[in-house]
Each structure stands twice: as structure tokens, then as C-alpha cells.
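Novice: Got a structure for you, run-v3.csv, holding CSV, C-alpha atoms.
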chain,number,residue,atom,x,y,z
A,1,MET,CA,10.2,-14.0,30.7
A,2,GLU,CA,12.3,-11.1,32.0
A,3,VAL,CA,12.0,-7.9,29.9
A,4,LYS,CA,15.2,-5.8,30.1
A,5,THR,CA,15.9,-2.5,28.5
A,6,GLU,CA,18.8,-2.0,26.2
A,7,GLY,CA,21.0,1.0,25.7
A,8,ASP,CA,18.6,2.3,23.0
A,9,ASN,CA,15.7,1.9,25.5
A,10,LEU,CA,14.0,-0.9,23.6
A,11,PRO,CA,12.7,-3.8,25.7
A,12,THR,CA,14.3,-7.1,24.9
A,13,ALA,CA,12.6,-10.4,25.5
A,14,THR,CA,15.8,-12.4,25.8
A,15,PRO,CA,19.4,-11.5,26.6
A,16,VAL,CA,21.2,-10.1,23.6
A,17,VAL,CA,24.0,-12.5,23.0
A,18,LYS,CA,24.8,-12.6,19.3
A,19,ASP,CA,26.4,-15.6,17.8
A,20,GLY,CA,26.3,-17.5,14.5
A,21,LEU,CA,23.4,-19.5,15.8
A,22,SER,CA,21.0,-16.7,16.5
A,23,VAL,CA,19.7,-13.5,14.9
A,24,GLN,CA,18.2,-10.4,16.4
A,25,ILE,CA,15.1,-8.8,15.0
A,26,LYS,CA,12.9,-5.8,15.9
A,27,VAL,CA,9.2,-6.5,16.3
A,28,LEU,CA,6.7,-3.7,15.9
A,29,PHE,CA,3.2,-3.8,17.4
A,30,PHE,CA,0.3,-1.7,16.1
A,31,ALA,CA,-3.3,-1.0,17.1
A,32,LYS,CA,-4.9,-3.9,18.9
A,33,ALA,CA,-1.5,-5.8,19.1
A,34,ARG,CA,0.0,-2.9,20.9
A,35,ASP,CA,-3.0,-2.7,23.3
A,36,ILE,CA,-2.4,-6.4,24.1
A,37,THR,CA,1.3,-6.4,24.6
A,38,GLY,CA,1.6,-2.9,26.0
A,39,LEU,CA,4.6,-2.4,23.7
A,40,THR,CA,5.2,-0.5,20.5
A,41,GLU,CA,8.6,-2.2,19.8
A,42,LEU,CA,10.5,-5.2,21.0
A,43,LEU,CA,14.0,-6.6,20.3
A,44,MET,CA,13.9,-10.4,20.0
A,45,GLU,CA,16.6,-13.0,19.7
A,46,VAL,CA,15.6,-16.1,17.6
A,47,SER,CA,17.5,-19.1,16.2
A,48,SER,CA,19.2,-18.5,12.9
A,49,GLY,CA,16.9,-19.8,10.1
A,50,SER,CA,13.7,-19.1,12.1
A,51,THR,CA,10.6,-18.2,10.1
A,52,THR,CA,8.2,-15.4,10.8
A,53,GLN,CA,5.8,-18.1,12.0
A,54,ASP,CA,8.5,-19.2,14.5
A,55,CYS,CA,8.8,-15.6,15.7
A,56,LEU,CA,5.1,-15.3,16.0
A,57,ASN,CA,4.9,-18.5,18.0
A,58,GLU,CA,7.5,-17.1,20.4
A,59,LEU,CA,5.6,-13.9,20.7
A,60,VAL,CA,2.3,-15.7,21.5
A,61,ALA,CA,4.2,-17.7,24.1
A,62,LYS,CA,5.4,-14.5,25.7
A,63,PHE,CA,2.1,-12.6,25.3
A,64,PRO,CA,-0.6,-15.3,25.4
A,65,SER,CA,-3.4,-12.7,24.8
A,66,LEU,CA,-2.0,-12.3,21.3
A,67,ASP,CA,-3.5,-15.6,20.5
A,68,GLU,CA,-7.0,-14.0,20.4
A,69,ILE,CA,-6.0,-11.9,17.3
A,70,ARG,CA,-3.6,-14.4,15.8
A,71,HIS,CA,-6.1,-15.6,13.2
A,72,CYS,CA,-6.7,-12.1,11.8
A,73,ILE,CA,-3.3,-10.5,11.7
A,74,VAL,CA,-0.9,-10.4,8.8
A,75,LEU,CA,2.9,-10.0,9.1
A,76,ALA,CA,5.2,-7.5,7.4
A,77,LEU,CA,9.0,-8.0,7.1
A,78,ASN,CA,11.1,-4.9,6.4
A,79,GLU,CA,8.0,-2.9,5.3
A,80,GLU,CA,6.6,-5.5,2.9
A,81,TYR,CA,3.8,-8.0,3.5
A,82,THR,CA,5.2,-11.5,4.0
A,83,THR,CA,4.2,-15.1,4.6
A,84,GLU,CA,4.7,-17.2,7.7
A,85,SER,CA,7.3,-19.3,5.9
A,86,ALA,CA,9.7,-16.4,5.3
A,87,VAL,CA,13.0,-16.7,7.0
A,88,VAL,CA,14.1,-13.8,9.2
A,89,LYS,CA,17.6,-12.4,9.1
A,90,ASP,CA,19.7,-10.4,11.5
A,91,LYS,CA,18.4,-6.8,12.0
A,92,ASP,CA,15.1,-7.5,10.2
A,93,GLU,CA,12.0,-5.6,11.2
A,94,LEU,CA,8.9,-7.7,11.7
A,95,ALA,CA,5.6,-5.9,12.1
A,96,ILE,CA,2.5,-7.4,13.6
A,97,ILE,CA,-0.4,-6.0,11.6
A,98,PRO,CA,-4.0,-6.4,12.9
A,99,PRO,CA,-6.8,-5.8,10.4
A,100,ILE,CA,-6.3,-2.4,8.9
A,101,SER,CA,-8.8,0.4,8.7
A,102,GLY,CA,-7.4,3.3,6.8
A,103,GLY,CA,-9.5,5.7,4.9
B,104,MET,CA,-4.9,11.1,-33.3
B,105,ARG,CA,-4.1,7.5,-32.5
B,106,SER,CA,-1.7,6.7,-29.7
B,107,GLN,CA,-0.3,3.5,-28.3
B,108,ARG,CA,1.0,2.6,-24.9
B,109,LEU,CA,2.8,-0.3,-23.2
B,110,ILE,CA,1.2,-1.8,-20.2
B,111,TRP,CA,3.0,-3.0,-17.0
B,112,GLY,CA,3.2,-6.8,-17.0
B,113,LYS,CA,2.7,-9.2,-14.1
B,114,SER,CA,6.5,-9.7,-14.0
B,115,ARG,CA,6.8,-6.1,-12.8
B,116,GLN,CA,8.7,-4.9,-15.8
B,117,TRP,CA,8.0,-3.7,-19.3
B,118,ALA,CA,7.8,-6.8,-21.3
B,119,LEU,CA,10.3,-6.8,-24.1
B,120,SER,CA,10.7,-9.9,-26.1
B,121,GLN,CA,12.6,-10.6,-29.3
B,122,PRO,CA,11.8,-8.0,-32.0
B,123,SER,CA,10.1,-9.2,-35.1
B,124,PRO,CA,9.7,-7.7,-38.6
B,125,ASP,CA,6.0,-8.2,-38.2
B,126,CYS,CA,5.8,-6.1,-35.1
B,127,ASP,CA,3.9,-2.9,-35.7
B,128,HIS,CA,6.0,-1.1,-33.1
B,129,CYS,CA,9.6,-1.9,-34.0
B,130,ARG,CA,9.5,-3.6,-37.4
B,131,GLY,CA,12.2,-5.8,-36.1
B,132,SER,CA,14.6,-3.1,-35.0
B,133,VAL,CA,15.9,-3.8,-31.5
B,134,ASN,CA,16.4,-0.1,-31.0
B,135,SER,CA,12.8,0.8,-31.7
B,136,CYS,CA,11.2,-1.4,-29.1
B,137,ALA,CA,14.0,-0.5,-26.6
B,138,GLU,CA,13.5,3.2,-27.3
B,139,GLN,CA,9.8,2.9,-26.5
B,140,VAL,CA,10.7,1.3,-23.2
B,141,LEU,CA,13.3,4.0,-22.5
B,142,ARG,CA,10.8,6.8,-23.4
B,143,LYS,CA,8.2,5.3,-21.1
B,144,THR,CA,10.8,5.0,-18.3
B,145,ALA,CA,11.8,8.7,-18.8
B,146,MET,CA,8.1,9.7,-18.7
B,147,ASN,CA,7.8,7.8,-15.4
B,148,SER,CA,10.6,9.7,-13.9
B,149,GLU,CA,8.7,12.9,-14.5
B,150,GLU,CA,5.5,11.6,-12.9
B,151,ARG,CA,3.8,13.9,-10.5
B,152,THR,CA,2.8,11.8,-7.6
B,153,LEU,CA,2.5,13.2,-4.1
B,154,VAL,CA,1.9,10.9,-1.1
B,155,GLU,CA,1.7,12.3,2.4
B,156,ILE,CA,0.9,11.0,5.8
B,157,LEU,CA,0.5,14.1,8.0
B,158,ASP,CA,1.8,14.5,11.5
B,159,GLU,CA,-0.7,13.9,14.3
B,160,ASN,CA,-3.7,16.1,14.5
B,161,LYS,CA,-2.8,18.2,11.4
B,162,LYS,CA,-5.8,19.0,9.1
B,163,ILE,CA,-5.8,18.4,5.4
B,164,ASP,CA,-5.6,21.4,3.1
B,165,LEU,CA,-7.7,20.2,0.2
B,166,ALA,CA,-6.7,23.2,-2.0
B,167,LYS,CA,-3.1,22.3,-1.8
B,168,TYR,CA,-3.6,18.8,-3.3
B,169,ILE,CA,-6.1,20.0,-5.9
B,170,ASN,CA,-3.6,22.6,-7.0
B,171,TYR,CA,-0.9,19.9,-7.1
B,172,VAL,CA,-2.8,17.8,-9.6
B,173,SER,CA,-4.1,20.8,-11.7
B,174,ALA,CA,-2.5,21.3,-15.1
B,175,PRO,CA,-3.4,22.8,-18.4
B,176,ALA,CA,-3.0,19.4,-20.0
B,177,ALA,CA,-5.4,17.7,-17.6
B,178,GLY,CA,-9.0,18.2,-18.6
B,179,ALA,CA,-10.4,16.3,-15.6
B,180,ILE,CA,-9.7,16.2,-11.9
B,181,ALA,CA,-11.4,13.5,-9.8
B,182,THR,CA,-11.3,13.7,-6.0
B,183,PHE,CA,-12.3,11.6,-3.0
B,184,SER,CA,-12.7,12.8,0.5
B,185,GLY,CA,-13.2,10.4,3.5
B,186,THR,CA,-14.8,12.2,6.4
B,187,THR,CA,-15.7,11.1,10.0
B,188,ARG,CA,-19.3,10.2,10.2
B,189,ASP,CA,-21.3,11.0,13.3
B,190,THR,CA,-22.9,7.6,13.8
B,191,PHE,CA,-22.1,3.9,13.3
B,192,GLU,CA,-24.8,1.3,13.7
B,193,GLY,CA,-26.8,3.6,15.8
B,194,LYS,CA,-24.0,4.6,18.1
B,195,THR,CA,-22.9,8.2,18.3
B,196,VAL,CA,-19.3,8.7,17.1
B,197,VAL,CA,-17.3,11.3,19.0
B,198,GLU,CA,-14.2,11.1,16.9
B,199,LEU,CA,-11.8,8.8,15.0
B,200,ARG,CA,-8.2,8.3,16.0
B,201,TYR,CA,-5.7,7.2,13.3
B,202,GLU,CA,-2.3,5.6,13.5
B,203,ALA,CA,0.0,4.1,10.9
B,204,TYR,CA,3.1,2.1,10.1
B,205,VAL,CA,4.3,5.2,8.4
B,206,PRO,CA,7.2,4.1,6.3
B,207,MET,CA,5.4,1.0,5.0
B,208,ALA,CA,2.2,3.0,4.4
B,209,ILE,CA,4.0,5.5,2.3
B,210,ARG,CA,5.8,2.8,0.3
B,211,ASN,CA,2.5,1.0,-0.3
B,212,LEU,CA,0.7,4.1,-1.4
B,213,LYS,CA,3.4,5.0,-3.9
B,214,SER,CA,3.2,1.5,-5.2
B,215,ILE,CA,-0.6,1.7,-5.6
B,216,CYS,CA,-0.1,5.0,-7.4
B,217,HIS,CA,2.3,3.4,-9.7
B,218,SER,CA,-0.1,0.6,-10.4
B,219,ALA,CA,-2.8,3.1,-11.2
B,220,ARG,CA,-0.6,4.7,-13.8
B,221,SER,CA,-0.1,1.4,-15.5
B,222,SER,CA,-3.9,0.9,-15.9
B,223,TRP,CA,-5.0,4.5,-16.6
B,224,ASP,CA,-3.6,7.4,-18.5
B,225,LEU,CA,-3.0,9.9,-15.7
B,226,HIS,CA,-1.3,13.2,-15.3
B,227,SER,CA,-0.9,13.8,-11.5
B,228,ILE,CA,-1.9,11.9,-8.3
B,229,ALA,CA,-2.1,13.2,-4.7
B,230,VAL,CA,-2.9,11.0,-1.7
B,231,VAL,CA,-2.9,12.4,1.8
B,232,HIS,CA,-4.0,10.7,5.1
B,233,CYS,CA,-4.3,12.2,8.6
B,234,LEU,CA,-3.0,10.7,11.8
B,235,GLY,CA,-4.2,11.3,15.3
B,236,THR,CA,-7.7,12.7,16.1
B,237,VAL,CA,-10.1,13.4,13.3
B,238,PRO,CA,-13.4,14.9,14.7
B,239,VAL,CA,-16.8,14.4,13.1
B,240,GLY,CA,-17.2,16.1,9.8
B,241,GLU,CA,-13.4,16.5,9.2
B,242,THR,CA,-11.5,14.9,6.4
B,243,SER,CA,-9.2,11.9,7.2
B,244,VAL,CA,-8.2,11.0,3.7
B,245,PHE,CA,-8.1,12.9,0.5
B,246,ILE,CA,-7.3,11.7,-3.0
B,247,ALA,CA,-7.0,13.9,-6.1
B,248,VAL,CA,-6.3,12.5,-9.6
B,249,SER,CA,-5.9,14.5,-12.9
B,250,ALA,CA,-6.0,13.1,-16.4
B,251,THR,CA,-6.7,14.3,-19.9
B,252,HIS,CA,-10.1,12.5,-19.8
B,253,ARG,CA,-12.6,12.0,-17.0
B,254,ALA,CA,-13.0,8.3,-17.3
B,255,ASP,CA,-9.3,7.7,-16.4
B,256,ALA,CA,-9.4,10.2,-13.5
B,257,LEU,CA,-12.7,8.8,-12.1
B,258,ASP,CA,-11.7,5.1,-12.4
B,259,ALA,CA,-8.2,5.7,-11.0
B,260,CYS,CA,-9.6,7.7,-8.1
B,261,LYS,CA,-11.9,4.8,-7.1
B,262,PHE,CA,-9.1,2.3,-7.5
B,263,LEU,CA,-6.8,4.3,-5.2
B,264,ILE,CA,-9.2,4.5,-2.3
B,265,ASP,CA,-10.3,0.9,-2.7
B,266,GLU,CA,-6.6,-0.3,-2.6
B,267,LEU,CA,-5.8,2.0,0.3
B,268,LYS,CA,-8.6,0.5,2.3
B,269,ALA,CA,-7.5,-3.0,1.3
B,270,SER,CA,-3.8,-2.9,2.0
B,271,VAL,CA,-2.2,0.2,3.4
B,272,PRO,CA,-1.2,-0.2,7.1
B,273,ILE,CA,-3.3,2.5,8.7
B,274,TRP,CA,-5.7,1.9,11.6
B,275,LYS,CA,-8.6,3.8,13.0
B,276,LYS,CA,-10.2,3.6,16.4
B,277,GLU,CA,-13.8,4.7,16.6
B,278,VAL,CA,-14.5,6.5,19.8
B,279,TYR,CA,-18.1,6.6,21.2
B,280,SER,CA,-19.4,8.3,24.2
B,281,ASN,CA,-19.3,4.9,26.1
B,282,GLY,CA,-16.4,3.1,24.6
B,283,GLU,CA,-14.1,2.7,21.6
B,284,VAL,CA,-13.2,0.0,19.1
B,285,TRP,CA,-10.5,-0.7,16.5
B,286,LYS,CA,-12.2,-0.8,13.1
B,287,GLU,CA,-11.6,-3.4,10.4
B,288,ASN,CA,-12.0,-2.8,6.7
B,289,THR,CA,-13.9,-5.5,4.9
B,290,GLU,CA,-11.7,-4.8,1.9
B,291,PHE,CA,-8.7,-5.9,3.9
B,292,LEU,CA,-10.5,-9.0,5.3
B,293,GLU,CA,-11.3,-10.0,1.7
B,294,ARG,CA,-7.7,-9.5,0.6
B,295,LYS,CA,-5.9,-10.8,3.7
B,296,SER,CA,-5.1,-14.3,2.5
B,297,GLU,CA,-3.4,-12.9,-0.6
B,298,LEU,CA,-1.1,-10.3,1.1
B,299,GLY,CA,2.5,-11.4,1.2
B,300,LYS,CA,2.2,-13.6,-1.9
B,301,ASN,CA,3.2,-12.6,-5.4
B,302,ASP,CA,0.9,-10.0,-6.8
B,303,GLY,CA,-1.4,-10.2,-3.8
B,304,PHE,CA,-0.5,-6.8,-2.5
B,305,CYS,CA,-2.0,-4.7,-5.2
B,306,ARG,CA,-4.5,-5.6,-7.8
B,307,ARG,CA,-4.0,-4.0,-11.1
B,308,LYS,CA,-6.3,-3.7,-14.0
B,309,VAL,CA,-3.9,-5.4,-16.4
B,310,GLU,CA,-4.9,-7.5,-19.3
B,311,THR,CA,-2.5,-10.2,-20.1
B,312,GLU,CA,-4.0,-11.9,-23.1
B,313,ALA,CA,-2.1,-11.7,-26.3
B,314,PRO,CA,-3.1,-9.0,-28.7
B,315,ASP,CA,-5.0,-9.9,-31.8
B,316,ARG,CA,-2.5,-8.6,-34.2
B,317,LYS,CA,1.1,-9.7,-34.5
B,318,GLY,CA,3.6,-8.0,-32.3
B,319,CYS,CA,6.9,-8.9,-30.7
B,320,CYS,CA,5.6,-7.9,-27.3
B,321,LYS,CA,3.2,-10.7,-26.7
B,322,ALA,CA,2.4,-12.8,-23.7
B,323,LYS,CA,2.5,-10.3,-20.9
B,324,VAL,CA,1.8,-7.1,-22.6
B,325,LYS,CA,-1.3,-5.9,-24.3
B,326,VAL,CA,-0.9,-2.8,-26.5
B,327,GLU,CA,-4.0,-0.7,-26.7
B,328,GLU,CA,-4.8,1.9,-29.4
B,329,ALA,CA,-6.6,4.8,-27.9
B,330,VAL,CA,-8.5,7.2,-30.0
B,331,HIS,CA,-8.2,10.6,-28.4
B,332,THR,CA,-10.9,13.2,-28.8
B,333,SER,CA,-11.0,16.8,-27.9
B,334,THR,CA,-13.6,16.4,-25.1
B,335,SER,CA,-12.8,15.2,-21.6
Go through the file and emit its structure as C-alpha cells.
Specialist:
Amino acid sequence: MEVKTEGDNLPTATPVVKDGLSVQIKVLFFAKARDITGLTELLMEVSSGSTTQDCLNELVAKFPSLDEIRHCIVLALNEEYTTESAVVKDKDELAIIPPISGG
Amino acid sequence: MRSQRLIWGKSRQWALSQPSPDCDHCRGSVNSCAEQVLRKTAMNSEERTLVEILDENKKIDLAKYINYVSAPAAGAIATFSGTTRDTFEGKTVVELRYEAYVPMAIRNLKSICHSARSSWDLHSIAVVHCLGTVPVGETSVFIAVSATHRADALDACKFLIDELKASVPIWKKEVYSNGEVWKENTEFLERKSELGKNDGFCRRKVETEAPDRKGCCKAKVKVEEAVHTSTS
């Protein structure tokens, strides 16, 4: 995978070619997930109709070490907890949330 | 003096079914039940709820938040402070470092506060959390709740910190002299499978059984009669 920077300085995992068959989402990494990927944010192009699980699969393929925390993370879509079956739309924000520890 | 209150239903709205002449609240008048809903909505818009996530390495000013919740009408103020301990399982803790998904954390905290109001009769709520480094002995999270009576304030305060630890996207790294580790709240691990599903985000103390007496607001609303006394 080639990581390129866009005009807004966010790394992208794939070339940004928008058409009706794909959507672009922003992925946020926190805590242990950020340690593993080395990134706080990532722009990602996925097929239209992809679920959050599809996106996670693609992320694990790009960052294999994410697999070691996959069983304990939860996902958030546009600042709300979501399930792996939720379908992502263009410009959605997907957050990879490792076990929290506030308070 | 007896008072009544409507309770937030699982459908996330004030339950309002067909008015009935047998209903003690509206006596069949559409306007009466609707007026109660509107009054409650208006009260909600005047709620004093303060949620803050501070910039990195800023200290919590406890007095600010106690002052915020203080009011002549509130006979009780309950607070919780979370502070950095100096040891964990025999290891010496140097400091804690916090980070957060800030917009989602604020949204979640406001929702938790709203849920607390649906379960307890509260006056004001303040919740503040630090980011960045919090040395041993310093406060990382502070919650202050005021209410007319102490039972509501104390119970709501416990609820707020329990829910924060179960569901708000804030993380801490525990730094020792010879290493560091991301902590994991057991409250979150217990709640994890429910997050993202309906009602899984925030547990409310809501009773959904039908009241004993007749009323037009049935299945999802329980109306309680509270007897107020002069003591807190």
C-alpha cells in the first residue's frame, strides 16, 4: 500500500478517485490503535455500500498489527457507537475505539 | 406537598398516548397532557448542565464547578473526584496521561447527564475531565450534582461516574518508572457488547411497568408521586 498525502495533509490509503461506486471516509485512531498504525487520521476509499466491518477488514489488511486488538475495539460512526453491519456513507467519520479508560 | 413527574421512556421521548377521562393527569383533555409535556420540555431548556473537557495539562478548578451547581433551591450537593493514585498492583505510578475523542466524549457526557435527569430530580450538573498529564494526587475527573434532596444528588453522582467509565471515549495511559500501559475500564469491558445497539449506550434507571392506577400514559411511562419534605 502506498500512503500519499492529500492537500489537507491527511494520509490516504488509496488514490482519491470519487465515482458513484465508491465513498470516501475519514478514519480516526485513538490510544493503542494510534500506537499501532502510527496515524491519528486516515482518508480511505471504500466501495459504496461497504459496512464498518468491511472498512475494518481493509484497515487490518493494511495494518496487520491491528488484528491483535480487533477483538476488544468498538467502532463509532459520526461520533456515535455503531455496529459492524452499519453501512458507511461518503464523508463519514469512523473511529477505532480501543477499550476506554476515562475517569 | 405532592408532586408528579413524567419519566423518559425507552422510545427516547415523553410517552403521550390517547387521553382518557380516567386519567388523573388530563381527565381526557388533550391539552392537559400535552401541556404537561410542554412544561417539562420548557424546564429541560432551562437545565443547568455543564460538561467540559479541558485543554491538555490544565488543572481542574473544583470551586468553579461547585459554584456552578450551587443554588438556594438545592439543599444537597454531591461530588466525585477521581485522582491519580501512586501505585497500581505494586508498581509505582509516575503519572497518568489522558486523551479523548473530544466531540464524541462531550456528546456522550451530555447524553448521560440527560439520562440522569430522567431518573432523578436534579437541579444542576457539572462534569469536567482533564487531558494530558495528571500527576499523582491531582484530580483528573470531577463531578458535581445538586438537588433538592441528598438521595437524588448522591445516586445521580454515582450514576454519572459509572456511566463515564463505561462509555465515554477517554483513555488513560499509566506511566511507571520502567514502562507504560494503556488502561482498560472493566465497566467498559462489561458494556462493550451492548454499545452501538439500541439503548446500549447509556443505562437509565427507568421503570417501564404500567402504573397501578388508570392513566392515559401507560406502557412506557411510570408516573411517580413524590412526597416532599422540608429536610434534604
Novice: Counting all atoms listed in the file, which residues of chain B come no farther than 6 Å from chain A, as a list in words?
Specialist: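 Close to chain A, chain B has Met207, Val244, Lys268, Pro272, Ile273, Trp274, Lys275, Lys286, Glu287, Asn288, Leu298 and Gly299 of chain B.
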Novice: Between atom CA of A:Val88 and atom CA of A:Ile25, what is the distance in Å, rounded to a tenth?
Specialist: 7.7 Å
Novice: Which residue, B:Leu225, B:Ala247, B:Ala176, B:Ala269, has the smallest gap to B:Ala208 when you use only C-alpha atoms?
Specialist: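 For B:Ala208, the nearest of the given residues is B:Ala269.
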Novice: Find the residues near A:Val23: any atom within 6 Å, counting all atoms listed in the file, skip ones fewer than 4 places away on the same chain, and give them as a count of residues only.
Specialist: 4
Novice: Could you name the residues that touch stretch 184-196 of chain B at 12 Å or less, counting only C-alpha atoms, but leaving out those on the same chain fewer than 2 positions away, as a PyMOL selection string?
Specialist: (chain A and resi 102-103) or (chain B and resi 162-165+168-169+181-182+198-201+229-233+236-248+260-261+263-265+267-268+275-284+286)
Novice: Between B:Ile215, B:Val154, B:Val172, B:Ala166, which one has atoms that come closest to B:Ala256, using all atoms listed in the file?
Specialist: B:Val172
Novice: Please compute the atom CA of B:Thr289-atom CA of B:Ala259 distance, one decimal, in Å.
Specialist: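 It comes out at 20.3 Å.
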Novice: Kindly indicate which residue among B:Leu212, B:Leu292, B:Leu157, B:Ala179 lies nearest to B:Leu234, using all atoms listed in the file for the distances.
Specialist: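 Between B:Leu212, B:Leu292, B:Leu157, B:Ala179, the residue approaching B:Leu234 most closely is B:Leu157.
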Novice: What is the distance between atom CA of A:Ile69 and atom CA of A:Asp35, in Å to one decimal?
Specialist: 11.4 Å
